[in-house]
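Coordinates as given in run.cif (mmCIF, C-alpha atoms and all ligand atoms):
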data_upload
#
loop_
_atom_site.label_atom_id
_atom_site.label_comp_id
_atom_site.auth_asym_id
_atom_site.auth_seq_id
_atom_site.Cartn_x
_atom_site.Cartn_y
_atom_site.Cartn_z
CA LEU A 248 -2.21 25.73 -13.13
CA ALA A 249 -1.25 25.34 -9.47
CA SER A 250 0.98 28.40 -9.41
CA ARG A 251 0.18 31.80 -8.03
CA THR A 252 1.57 33.47 -11.12
CA PHE A 253 -1.04 31.63 -13.18
CA ASN A 254 -3.80 32.49 -10.68
CA PRO A 255 -2.99 35.24 -8.13
CA VAL A 256 -6.29 34.88 -6.28
CA SER A 257 -6.32 32.29 -3.50
CA THR A 258 -8.64 29.42 -4.32
CA ILE A 259 -11.49 28.60 -2.00
CA VAL A 260 -12.62 25.03 -2.44
CA ASP A 261 -16.34 24.75 -1.90
CA VAL A 262 -17.26 21.35 -0.52
CA ASP A 263 -21.01 21.30 -0.84
CA GLY A 264 -21.40 24.58 1.05
CA VAL A 265 -18.35 24.35 3.32
CA SER A 266 -15.35 26.45 2.30
CA VAL A 267 -11.76 25.30 2.51
CA GLY A 268 -9.50 28.31 2.13
CA GLY A 269 -10.43 31.90 2.73
CA LYS A 270 -10.94 33.50 6.13
CA ASN A 271 -12.14 30.63 8.27
CA ILE A 272 -10.06 27.82 9.64
CA VAL A 273 -11.59 24.47 8.73
CA ILE A 274 -11.16 21.44 10.95
CA MET A 275 -11.40 17.87 9.72
CA ALA A 276 -11.28 15.26 12.45
CA GLY A 277 -12.09 11.67 13.24
CA PRO A 278 -10.46 8.30 13.63
CA CYS A 279 -7.58 7.05 11.54
CA ALA A 280 -9.72 4.10 10.43
CA VAL A 281 -13.40 3.32 10.59
CA GLU A 282 -13.53 0.39 13.00
CA SER A 283 -17.18 0.03 13.92
CA LYS A 284 -20.40 1.97 13.86
CA GLU A 285 -20.12 2.76 17.57
CA GLN A 286 -16.54 3.97 17.29
CA LEU A 287 -17.32 6.10 14.26
CA PHE A 288 -20.49 7.66 15.63
CA GLU A 289 -18.89 8.44 18.97
CA SER A 290 -16.02 10.16 17.17
CA ALA A 291 -18.37 11.96 14.79
CA GLU A 292 -20.58 13.36 17.53
CA ALA A 293 -17.57 14.57 19.49
CA VAL A 294 -15.79 16.27 16.62
CA LYS A 295 -19.01 17.88 15.43
CA LYS A 296 -19.72 19.19 18.92
CA PHE A 297 -16.32 20.86 19.12
CA GLY A 298 -16.47 22.55 15.74
CA ALA A 299 -15.19 20.19 13.06
CA LYS A 300 -16.90 20.55 9.69
CA PHE A 301 -15.52 17.32 8.25
CA LEU A 302 -15.38 13.77 9.53
CA ARG A 303 -12.29 11.85 8.51
CA GLY A 304 -11.93 8.08 8.66
CA GLY A 305 -10.22 5.53 6.47
CA ALA A 306 -12.23 2.69 4.96
CA TYR A 307 -9.29 1.58 2.80
CA LYS A 308 -6.09 1.79 4.79
CA PRO A 309 -2.57 1.91 3.32
CA ARG A 310 -0.85 -0.06 6.10
CA THR A 311 2.90 -0.55 6.20
CA SER A 312 2.41 -4.24 7.00
CA PRO A 313 -0.03 -6.42 5.04
CA TYR A 314 -0.89 -8.18 8.32
CA SER A 315 -2.18 -4.96 9.94
CA PHE A 316 -5.89 -4.03 9.85
CA GLN A 317 -6.65 -3.03 6.25
CA GLY A 318 -9.94 -1.23 6.80
CA LEU A 319 -13.62 -2.15 6.54
CA GLU A 320 -13.77 -1.11 2.88
CA LYS A 321 -17.33 -0.80 1.51
CA GLU A 322 -18.86 -1.40 4.92
CA GLY A 323 -16.71 1.43 6.28
CA LEU A 324 -17.87 3.74 3.49
CA GLU A 325 -21.49 2.98 4.35
CA MET A 326 -20.86 3.82 8.01
CA LEU A 327 -19.24 7.11 7.00
CA TYR A 328 -22.27 7.94 4.90
CA GLU A 329 -24.59 7.16 7.79
CA ALA A 330 -22.50 9.35 10.08
CA LYS A 331 -22.78 12.12 7.53
CA LYS A 332 -26.56 11.82 7.41
CA TYR A 333 -26.70 11.79 11.19
CA THR A 334 -24.36 14.73 11.89
CA GLY A 335 -24.26 16.79 8.69
CA LEU A 336 -20.47 16.54 8.66
CA LYS A 337 -18.77 16.29 5.27
CA ILE A 338 -16.79 13.12 4.69
CA VAL A 339 -13.15 12.89 3.74
CA THR A 340 -11.73 9.43 3.13
CA GLU A 341 -8.84 7.90 1.27
CA VAL A 342 -9.02 6.41 -2.18
CA MET A 343 -6.11 4.03 -2.69
CA ASP A 344 -6.47 2.97 -6.31
CA ILE A 345 -8.28 3.86 -9.52
CA HIS A 346 -10.72 0.95 -9.17
CA SER A 347 -12.22 2.31 -5.97
CA ILE A 348 -12.69 5.92 -7.11
CA GLU A 349 -16.22 5.26 -8.25
CA ILE A 350 -17.41 3.65 -5.04
CA VAL A 351 -15.57 6.07 -2.74
CA SER A 352 -17.07 9.01 -4.68
CA LYS A 353 -20.55 7.69 -3.97
CA TYR A 354 -20.07 8.04 -0.22
CA ALA A 355 -17.40 10.72 0.26
CA ASP A 356 -17.40 14.49 -0.22
CA VAL A 357 -13.62 14.73 -0.53
CA LEU A 358 -11.27 12.12 -1.98
CA GLN A 359 -8.06 11.84 0.00
CA ILE A 360 -4.88 10.89 -1.83
CA GLY A 361 -2.53 9.50 0.79
CA ALA A 362 1.15 10.31 1.15
CA ARG A 363 2.14 6.92 -0.28
CA ASN A 364 0.19 7.63 -3.45
CA MET A 365 1.23 11.22 -4.05
CA GLN A 366 3.12 10.21 -7.17
CA ASN A 367 0.71 7.54 -8.36
CA PHE A 368 0.19 9.39 -11.60
CA SER A 369 -2.59 7.23 -13.00
CA LEU A 370 -4.54 7.70 -9.76
CA LEU A 371 -3.91 11.47 -9.85
CA LYS A 372 -5.16 11.69 -13.44
CA GLU A 373 -8.25 9.70 -12.64
CA VAL A 374 -9.24 11.80 -9.60
CA GLY A 375 -8.55 14.78 -11.86
CA ARG A 376 -11.45 13.56 -13.99
CA SER A 377 -13.74 13.14 -10.99
CA ASN A 378 -16.12 15.84 -9.79
CA ARG A 379 -15.14 15.43 -6.14
CA PRO A 380 -12.69 17.80 -4.41
CA VAL A 381 -9.34 16.16 -3.68
CA LEU A 382 -7.22 16.33 -0.53
CA LEU A 383 -3.66 15.78 -1.74
CA LYS A 384 -1.27 14.77 1.01
CA ARG A 385 2.42 15.48 0.62
CA GLY A 386 4.50 12.40 -0.14
CA ILE A 387 6.73 10.99 2.57
CA ALA A 388 9.87 12.12 0.74
CA ALA A 389 8.44 14.64 -1.71
CA THR A 390 9.86 18.08 -2.34
CA ILE A 391 7.43 20.96 -2.53
CA GLU A 392 8.00 21.08 -6.27
CA GLU A 393 7.12 17.40 -6.68
CA TRP A 394 4.03 17.94 -4.55
CA LEU A 395 2.87 20.87 -6.65
CA ASN A 396 3.49 18.82 -9.78
CA ALA A 397 1.26 16.12 -8.33
CA ALA A 398 -1.44 18.79 -7.87
CA GLU A 399 -0.81 19.82 -11.46
CA TYR A 400 -1.71 16.29 -12.61
CA ILE A 401 -5.12 16.65 -10.99
CA LEU A 402 -5.75 20.23 -12.12
CA SER A 403 -4.71 19.55 -15.69
CA GLU A 404 -7.41 16.89 -16.02
CA GLY A 405 -10.02 19.51 -15.18
CA ASN A 406 -10.58 19.13 -11.45
CA LYS A 407 -9.83 22.55 -9.95
CA ASN A 408 -10.75 21.61 -6.40
CA VAL A 409 -7.48 20.55 -4.86
CA ILE A 410 -6.63 21.01 -1.18
CA LEU A 411 -3.01 20.42 -0.20
CA CYS A 412 -2.10 18.74 3.09
CA GLU A 413 1.30 18.89 4.80
CA ARG A 414 1.62 15.70 6.87
CA GLY A 415 5.32 15.52 7.64
CA ILE A 416 8.27 14.20 5.70
CA ARG A 417 10.92 11.61 6.47
CA THR A 418 14.14 12.97 7.89
CA PHE A 419 16.94 11.50 10.05
CA GLU A 420 14.96 12.39 13.19
CA GLN A 421 13.56 9.28 14.89
CA TYR A 422 11.81 10.74 17.91
CA THR A 423 8.83 11.87 15.88
CA ARG A 424 7.14 9.67 13.28
CA ASN A 425 7.74 12.30 10.60
CA THR A 426 9.14 15.81 10.61
CA LEU A 427 6.27 18.23 10.19
CA ASP A 428 7.50 20.80 7.69
CA LEU A 429 5.59 23.88 8.73
CA SER A 430 7.69 26.12 6.53
CA ALA A 431 5.88 24.40 3.65
CA VAL A 432 2.79 26.41 4.61
CA PRO A 433 4.14 29.89 3.79
CA VAL A 434 6.10 28.43 0.87
CA ILE A 435 2.91 26.99 -0.63
CA LYS A 436 1.11 30.28 0.03
CA LYS A 437 3.84 32.04 -1.93
CA LEU A 438 4.03 29.58 -4.81
CA SER A 439 0.42 28.49 -5.15
CA HIS A 440 -3.16 29.72 -4.87
CA LEU A 441 -4.37 26.36 -3.54
CA PRO A 442 -5.55 26.01 0.05
CA ILE A 443 -3.28 24.12 2.44
CA ILE A 444 -4.18 22.30 5.63
CA VAL A 445 -1.87 20.56 8.10
CA ASP A 446 -2.00 17.08 9.64
CA PRO A 447 -0.15 17.28 12.97
CA SER A 448 -1.23 13.71 13.82
CA HIS A 449 0.75 11.91 11.11
CA GLY A 450 3.21 14.79 11.20
CA THR A 451 4.36 13.88 14.69
CA GLY A 452 3.01 10.42 15.55
CA LYS A 453 2.57 11.40 19.21
CA SER A 454 -0.61 12.76 20.73
CA PHE A 455 1.14 15.25 23.05
CA LEU A 456 2.66 16.97 20.01
CA VAL A 457 -0.60 17.36 18.12
CA SER A 458 -1.86 20.46 19.90
CA PRO A 459 1.38 22.49 19.86
CA MET A 460 1.95 21.73 16.17
CA ALA A 461 -1.69 22.41 15.30
CA LYS A 462 -1.38 25.86 16.87
CA ALA A 463 1.91 26.47 15.09
CA ALA A 464 0.31 25.45 11.78
CA ILE A 465 -2.44 28.01 12.18
CA ALA A 466 0.09 30.66 13.22
CA ALA A 467 2.05 29.81 10.04
CA GLY A 468 -1.01 30.53 7.91
CA ALA A 469 -2.61 27.14 7.30
CA ASP A 470 -6.23 27.13 6.12
CA GLY A 471 -7.15 24.26 8.38
CA LEU A 472 -6.22 21.06 10.16
CA ILE A 473 -6.90 17.36 9.87
CA ILE A 474 -6.68 15.61 13.21
CA GLU A 475 -7.08 12.03 14.38
CA VAL A 476 -9.58 11.63 17.20
CA HIS A 477 -10.57 8.29 18.73
CA PRO A 478 -12.93 7.56 21.64
CA ASP A 479 -10.42 5.03 23.02
CA PRO A 480 -6.95 5.66 21.54
CA LYS A 481 -5.29 2.86 23.53
CA ASN A 482 -7.41 0.28 21.76
CA ALA A 483 -7.41 1.88 18.31
CA LEU A 484 -6.76 -0.51 15.42
CA SER A 485 -4.44 2.05 13.85
CA ASP A 486 -2.53 5.17 14.91
CA GLY A 487 -3.66 5.14 18.54
CA ALA A 488 -0.45 6.80 19.73
CA GLN A 489 -1.18 9.93 17.75
CA SER A 490 -4.94 10.05 18.30
CA LEU A 491 -6.58 12.55 20.63
CA THR A 492 -9.42 11.68 22.95
CA PRO A 493 -12.60 13.74 22.44
CA LYS A 494 -11.70 15.70 25.59
CA GLU A 495 -8.21 16.52 24.28
CA PHE A 496 -9.77 17.52 20.97
CA GLU A 497 -12.11 19.90 22.77
CA VAL A 498 -9.18 21.60 24.51
CA LEU A 499 -7.31 21.83 21.20
CA THR A 500 -10.19 23.47 19.35
CA LYS A 501 -10.45 26.16 22.04
CA GLU A 502 -6.76 26.92 21.78
CA ILE A 503 -6.95 26.93 17.99
CA SER A 504 -9.64 29.59 18.02
CA LYS A 505 -7.42 31.80 20.17
CA VAL A 506 -4.52 31.43 17.75
CA ALA A 507 -6.78 31.98 14.75
CA ASN A 508 -8.11 35.19 16.27
CA ALA A 509 -4.59 36.39 17.00
CA VAL A 510 -3.20 35.93 13.47
C1 LIG B 1 -4.29 8.87 7.04
O1 LIG B 1 -4.72 10.03 6.86
O2 LIG B 1 -4.81 8.07 7.83
C2 LIG B 1 -3.07 8.48 6.33
C3 LIG B 1 -2.81 7.21 6.06
O3 LIG B 1 -2.27 9.53 6.05
P1 LIG B 1 -0.90 9.60 5.21
O4 LIG B 1 -1.23 9.20 3.82
O5 LIG B 1 -0.53 11.05 5.34
O6 LIG B 1 0.09 8.70 5.89
MN MN B 2 -3.70 7.45 10.42
#
Translate the structure described by the file into structure tokens.
Ligand code: PEP
Ligand code: MN
Amino acid sequence: LASRTFNPVSTIVDVDGVSVGGKNIVIMAGPCAVESKEQLFESAEAVKKFGAKFLRGGAYKPRTSPYSFQGLEKEGLEMLYEAKKYTGLKIVTEVMDIHSIEIVSKYADVLQIGARNMQNFSLLKEVGRSNRPVLLKRGIAATIEEWLNAAEYILSEGNKNVILCERGIRTFEQYTRNTLDLSAVPVIKKLSHLPIIVDPSHGTGKSFLVSPMAKAAIAAGADGLIIEVHPDPKNALSDGAQSLTPKEFEVLTKEISKVANAV
């Protein structure tokens, strides 16, 4: 179902009036985690002002250490919903397990499946039965074939609204957090009709690399970007090192439009 031979026409996922896929580049942006109402609203206003159509922000965080900030959970979802009402931005947020699908679906427009859950098959099946579009991140060590099979799990349950997200894979390179596999973009375009966006924030782990890789992603044919933006990256509770300030995000969006017009 995910393959281009099955469906030669590129899929455009309609998120309540906003298209992912097709001619326009879509930008999703916001903090790694929802930390407070102030932090979220400041981020939301900034990303909206500079052209994002989606606000991202984790309420349930899959942290490597159990002692790290785990997210505000339901309270975080409520803040996201308020930010949506205030700005009109669509909300994309992670759902970590089958038990929270129902509550996350109440507040979010798009359900994010994180890299660590890309092969959580029961979770994939269950979001496949939901009526919310799904953002499926590539697993940390997943081949493109495994990733497309994960999409297949969702599609085969009836949910046709799957957006793929390249977010870097683990290689021997230590300088960057992950190795952003931009060749995955044209490969996915060849093998699948599904839209693909790129996450240069998790893909590199370093804020100075976000803009160059975002531009490269658009040049490679990506349908959009998901970018971490924080009003005060130094004091972020998660992923500060890879988060852009609102000012840096503004500069990036201007450069992105130039690249998008050129390709
Ligand atoms: C995130 O988007 O904040 C996140 C945890 O991403 P990933 O699953 O790609 O690591
Ligand atoms: Mn993050």
Give the residue list for ligand MN 2 (chain B) at 7 Å, counting all atoms listed in the file, as an MDAnalysis selection string, sorted by chain and then by residue number. chainID A and resid 279:280 449 475 485:486
Write the residues you've just listed into a file as a PDB file, keeping the file's coordinate frame, and include C-alpha atoms for each of them.
ATOM      1  CA  CYS A 279      -7.580   7.050  11.540  1.00  0.00           C
ATOM      2  CA  ALA A 280      -9.720   4.100  10.430  1.00  0.00           C
ATOM      3  CA  HIS A 449       0.750  11.910  11.110  1.00  0.00           C
ATOM      4  CA  GLU A 475      -7.080  12.030  14.380  1.00  0.00           C
ATOM      5  CA  SER A 485      -4.440   2.050  13.850  1.00  0.00           C
ATOM      6  CA  ASP A 486      -2.530   5.170  14.910  1.00  0.00           C
TER       7      ASP A 486
END
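For the choices A:Ala507, A:Leu358, A:Val409, A:Ala299, the atom-to-atom distance to ligand LIG 1 (chain B) is smallest for A:Leu358 when using only C-alpha atoms and all ligand atoms.
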Given 7 Å and all atoms listed in the file, residues near ligand LIG 1 (chain B) as a PDB file with C-alpha atoms, in the frame of the given file:
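out_39.pdb written:
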ATOM      1  CA  CYS A 279      -7.580   7.050  11.540  1.00  0.00           C
ATOM      2  CA  ALA A 280      -9.720   4.100  10.430  1.00  0.00           C
ATOM      3  CA  GLY A 305     -10.220   5.530   6.470  1.00  0.00           C
ATOM      4  CA  LYS A 308      -6.090   1.790   4.790  1.00  0.00           C
ATOM      5  CA  PRO A 309      -2.570   1.910   3.320  1.00  0.00           C
ATOM      6  CA  ILE A 360      -4.880  10.890  -1.830  1.00  0.00           C
ATOM      7  CA  GLY A 361      -2.530   9.500   0.790  1.00  0.00           C
ATOM      8  CA  ALA A 362       1.150  10.310   1.150  1.00  0.00           C
ATOM      9  CA  ARG A 363       2.140   6.920  -0.280  1.00  0.00           C
ATOM     10  CA  LYS A 384      -1.270  14.770   1.010  1.00  0.00           C
ATOM     11  CA  ARG A 414       1.620  15.700   6.870  1.00  0.00           C
ATOM     12  CA  HIS A 449       0.750  11.910  11.110  1.00  0.00           C
TER      13      HIS A 449
END
Please measure the separation of atom CA of A:Lys462 and atom CA of A:Asn508, giving the value in Å to one decimal. 11.5 Å
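Across the structure, atom CA of A:Ile350 and atom CA of A:Gly375 are spaced 15.8 Å apart.
If you look at atom CA of A:Leu370 and atom CA of A:Asn406, they are 13.0 Å away from each other.
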At a cut-off of 10 Å from (-20.3, 0.8, 5.7) in the coordinates of the file, what residues are picked up using all atoms listed in the file, written as a VMD selection string? chain A and resid 281 to 284 306 319 to 330 354
Restricting the output to C-alpha atoms, write the selected residues as a tab-separated table (two decimals), in the coordinates of the input.
chain	number	residue	atom	x	y	z
A	281	VAL	CA	-13.40	3.32	10.59
A	282	GLU	CA	-13.53	0.39	13.00
A	283	SER	CA	-17.18	0.03	13.92
A	284	LYS	CA	-20.40	1.97	13.86
A	306	ALA	CA	-12.23	2.69	4.96
A	319	LEU	CA	-13.62	-2.15	6.54
A	320	GLU	CA	-13.77	-1.11	2.88
A	321	LYS	CA	-17.33	-0.80	1.51
A	322	GLU	CA	-18.86	-1.40	4.92
A	323	GLY	CA	-16.71	1.43	6.28
A	324	LEU	CA	-17.87	3.74	3.49
A	325	GLU	CA	-21.49	2.98	4.35
A	326	MET	CA	-20.86	3.82	8.01
A	327	LEU	CA	-19.24	7.11	7.00
A	328	TYR	CA	-22.27	7.94	4.90
A	329	GLU	CA	-24.59	7.16	7.79
A	330	ALA	CA	-22.50	9.35	10.08
A	354	TYR	CA	-20.07	8.04	-0.22
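Minimum atom-to-atom distances from A:Pro313, A:Pro442, A:Gly318, A:Gly335 to A:Leu484 were compared using only C-alpha atoms, and the lowest value belongs to A:Gly318.
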Name the residues in contact with A:Glu392 at a cut-off of 12 Å, using only C-alpha atoms, excluding same-chain residues fewer than 4 positions from it; report them as JSON, numbers by chain. {"A": [249, 250, 366, 385, 386, 388, 396, 397, 398, 399, 431, 434, 435, 438, 439]}
Serialized selection, C-alpha atoms, as a short mmCIF file (atom, residue, chain, number, x, y, z; two decimals), keeping the file's coordinate frame:
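Below you can see result.cif, which holds the result:
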data_model
loop_
_atom_site.label_atom_id
_atom_site.label_comp_id
_atom_site.auth_asym_id
_atom_site.auth_seq_id
_atom_site.Cartn_x
_atom_site.Cartn_y
_atom_site.Cartn_z
CA ALA A 249 -1.25 25.34 -9.47
CA SER A 250 0.98 28.40 -9.41
CA GLN A 366 3.12 10.21 -7.17
CA ARG A 385 2.42 15.48 0.62
CA GLY A 386 4.50 12.40 -0.14
CA ALA A 388 9.87 12.12 0.74
CA ASN A 396 3.49 18.82 -9.78
CA ALA A 397 1.26 16.12 -8.33
CA ALA A 398 -1.44 18.79 -7.87
CA GLU A 399 -0.81 19.82 -11.46
CA ALA A 431 5.88 24.40 3.65
CA VAL A 434 6.10 28.43 0.87
CA ILE A 435 2.91 26.99 -0.63
CA LEU A 438 4.03 29.58 -4.81
CA SER A 439 0.42 28.49 -5.15
#
From the list A:Lys494, A:Lys300, A:Arg376, A:Arg424, the nearest residue to A:Leu472 using all atoms listed in the file is A:Lys300
Counting only C-alpha atoms, which residues come within 12 Å of (-8.5, 24.5, 22.2), with the point read in the file's coordinates, and could you list them as a count of residues only? 23
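The residue that comes closest to A:Ile401, out of A:Val432, A:Ser266, A:Gln421, A:Met365 and on the basis of all atoms listed in the file, is A:Met365.
Proximity to A:Asp446 was assessed for A:Glu413, A:Glu393, A:Glu285, A:Asp479 counting all atoms listed in the file; the smallest distance is recorded for A:Glu413.
Closest to A:Ile465 among A:Leu411, A:Leu429, A:Ala488, A:Ala291 is A:Leu429, based on only C-alpha atoms.
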Once 3 Å is added on each side, what are the centre and the three edge lengths, in Å to one decimal, of the axis-aligned box enclosing the listed atoms of stretch 376-388 of chain A? Present them as JSON.
{"center_x": -3.1, "center_y": 14.4, "center_z": -5.7, "size_x": 32.0, "size_y": 12.8, "size_z": 22.6}
